[in-house]
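Student: This one is my_file-v2.tsv, TSV, C-alpha atoms.
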chain	number	residue	atom	x	y	z
A	1	MET	CA	-16.81	-2.36	-0.20
A	2	ASP	CA	-16.27	-4.78	-3.05
A	3	LYS	CA	-12.53	-5.22	-2.86
A	4	GLN	CA	-10.52	-6.66	-0.01
A	5	HIS	CA	-8.34	-4.23	1.93
A	6	SER	CA	-5.24	-6.14	0.85
A	7	GLU	CA	-6.20	-5.65	-2.80
A	8	LEU	CA	-6.73	-1.93	-2.25
A	9	PHE	CA	-3.38	-1.68	-0.49
A	10	LYS	CA	-1.70	-3.46	-3.40
A	11	GLU	CA	-3.30	-1.17	-5.98
A	12	ARG	CA	-2.27	1.92	-4.03
A	13	LEU	CA	1.27	0.61	-3.60
A	14	TYR	CA	1.57	0.02	-7.34
A	15	SER	CA	0.23	3.50	-7.99
A	16	TYR	CA	3.00	5.04	-5.89
A	17	MET	CA	5.56	2.73	-7.47
A	18	ARG	CA	4.54	3.92	-10.95
A	19	GLU	CA	4.63	7.58	-9.87
A	20	GLU	CA	8.12	7.21	-8.41
A	21	ASN	CA	9.30	4.73	-11.06
A	22	ILE	CA	10.58	2.29	-8.43
A	23	THR	CA	10.44	-1.45	-7.99
A	24	LEU	CA	8.97	-3.55	-5.21
A	25	ASN	CA	12.50	-4.40	-4.14
A	26	ARG	CA	13.31	-0.69	-3.85
A	27	VAL	CA	10.17	-0.04	-1.78
A	28	ALA	CA	11.20	-2.86	0.55
A	29	THR	CA	14.70	-1.42	0.90
A	30	LEU	CA	13.40	2.10	1.56
A	31	SER	CA	10.91	0.68	4.07
A	32	GLY	CA	13.53	-1.38	5.90
A	33	MET	CA	11.84	-4.71	5.35
A	34	ALA	CA	12.40	-7.91	3.45
A	35	THR	CA	11.30	-8.00	-0.17
A	36	THR	CA	9.53	-11.29	0.57
A	37	THR	CA	7.18	-9.50	2.96
A	38	LEU	CA	5.91	-7.16	0.26
A	39	SER	CA	6.02	-9.90	-2.33
A	40	ASN	CA	3.70	-12.05	-0.21
A	41	ILE	CA	1.25	-9.18	0.11
A	42	VAL	CA	1.30	-8.41	-3.59
A	43	ASN	CA	1.46	-11.90	-5.06
A	44	ARG	CA	-0.40	-13.97	-2.50
A	45	GLY	CA	-2.95	-11.43	-1.37
A	46	SER	CA	-1.74	-11.56	2.23
A	47	ALA	CA	-3.20	-8.85	4.40
A	48	PRO	CA	-0.54	-6.33	5.41
A	49	ARG	CA	-0.01	-5.75	9.12
A	50	ILE	CA	-0.46	-2.18	10.30
A	51	ASP	CA	3.26	-1.84	11.10
A	52	THR	CA	4.05	-2.97	7.55
A	53	VAL	CA	1.74	-0.31	6.14
A	54	TYR	CA	3.45	2.36	8.26
A	55	LYS	CA	6.88	1.17	7.10
A	56	VAL	CA	5.81	1.33	3.46
A	57	CYS	CA	4.40	4.83	3.95
A	58	ASN	CA	7.62	5.98	5.59
A	59	GLY	CA	9.68	4.38	2.84
A	60	LEU	CA	7.63	6.13	0.18
A	61	GLY	CA	7.76	9.42	2.07
A	62	VAL	CA	3.97	9.68	2.28
A	63	SER	CA	1.75	10.00	5.33
A	64	PHE	CA	-0.51	7.15	6.35
A	65	HIS	CA	-3.48	9.47	5.77
A	66	ASP	CA	-2.38	10.40	2.25
A	67	PHE	CA	-1.68	6.79	1.35
A	68	PHE	CA	-5.31	5.90	2.07
A	69	ASP	CA	-6.83	9.09	0.70
A	70	PHE	CA	-8.62	7.48	-2.25
A	71	PRO	CA	-12.00	5.84	-2.85
A	72	PRO	CA	-13.49	3.93	-1.14
A	73	TYR	CA	-11.65	5.12	1.98
A	74	ASN	CA	-12.34	8.80	1.47
A	75	GLU	CA	-15.98	8.43	0.51
A	76	ILE	CA	-18.74	9.41	2.91
A	77	GLU	CA	-21.33	6.71	3.43
A	78	LYS	CA	-24.94	7.80	3.54
In structure tokens, what does this structure look like?

Tutor:
Amino acid sequence: MDKQHSELFKERLYSYMREENITLNRVATLSGMATTTLSNIVNRGSAPRIDTVYKVCNGLGVSFHDFFDFPPYNEIEK
């Protein structure tokens, strides 16, 4: 895998944000966390903790599985 997991998480988060037309601040509010937490992940490349990922998924109303259902996570290695 070429990209870091934190970079993939960030790209997926932005994808959902564009789909829902919401801001990072709104995602944080919906997820019940501080905006600085998500900001550090997005701007500083910090790796998100698993509980943070679950909170974001809940805030976006998407399952953990669906959030990560994109390449390279859903590709079968040979």

Student: In Å, how far is it from atom CA of Thr52 of chain A to atom CA of Ile76 of chain A?

Tutor: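 Distance between the two atoms: 26.3 Å.
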
Student: Quick one: residues within 9 Å of segment 20-32 of chain A, only C-alpha atoms, excluding same-chain residues fewer than 6 positions away - as a list of chain:residue names?

Tutor: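 So the residues in contact are A:Leu13, A:Tyr14, A:Leu38, A:Ser39, A:Thr52, A:Tyr54, A:Lys55, A:Val56, A:Cys57, A:Asn58, A:Gly59, A:Leu60.
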
Student: For Gln4 of chain A, which of A:Gly45, A:Phe70, A:Met17, A:Thr35 is the closest residue, counting only C-alpha atoms?

Tutor: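 That would be A:Gly45, the residue with the smallest distance to Gln4 of chain A.
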
Student: Atom CA of Glu7 of chain A and atom CA of Arg49 of chain A are how many Å apart?

Tutor: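 Rounded to one decimal, the two atoms are 13.4 Å apart.
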
Student: Counting only C-alpha atoms, figure out which residue out of A:Asn74, A:Ser15, A:Ser6, A:Thr36 gets nearest to Ile50 of chain A.

Tutor: A:Ser6

Student: Please compute the atom CA of Phe9 of chain A-atom CA of Pro71 of chain A distance, one decimal, in Å.

Tutor: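 Going from atom CA of Phe9 of chain A over to atom CA of Pro71 of chain A, I get 11.7 Å.
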
Student: Given the choices A:Glu75, A:Gly61, A:Phe68, A:Leu8, which gets closest to Ala47 of chain A if the distance is worked out from all atoms listed in the file?

Tutor: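 The closest residue to Ala47 of chain A is A:Leu8.
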
Student: I'd like to know which of A:His5, A:Ser46, A:Met33, A:Val53 is closest to Tyr73 of chain A, using all atoms listed in the file.

Tutor: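 Of A:His5, A:Ser46, A:Met33, A:Val53, the one nearest Tyr73 of chain A is A:His5, counting all atoms listed in the file.
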
Student: Counting only C-alpha atoms, which of A:Pro48, A:Glu19, A:Thr37, A:Arg12 gets nearest to Pro72 of chain A?

Tutor: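 Closest candidate: A:Arg12.
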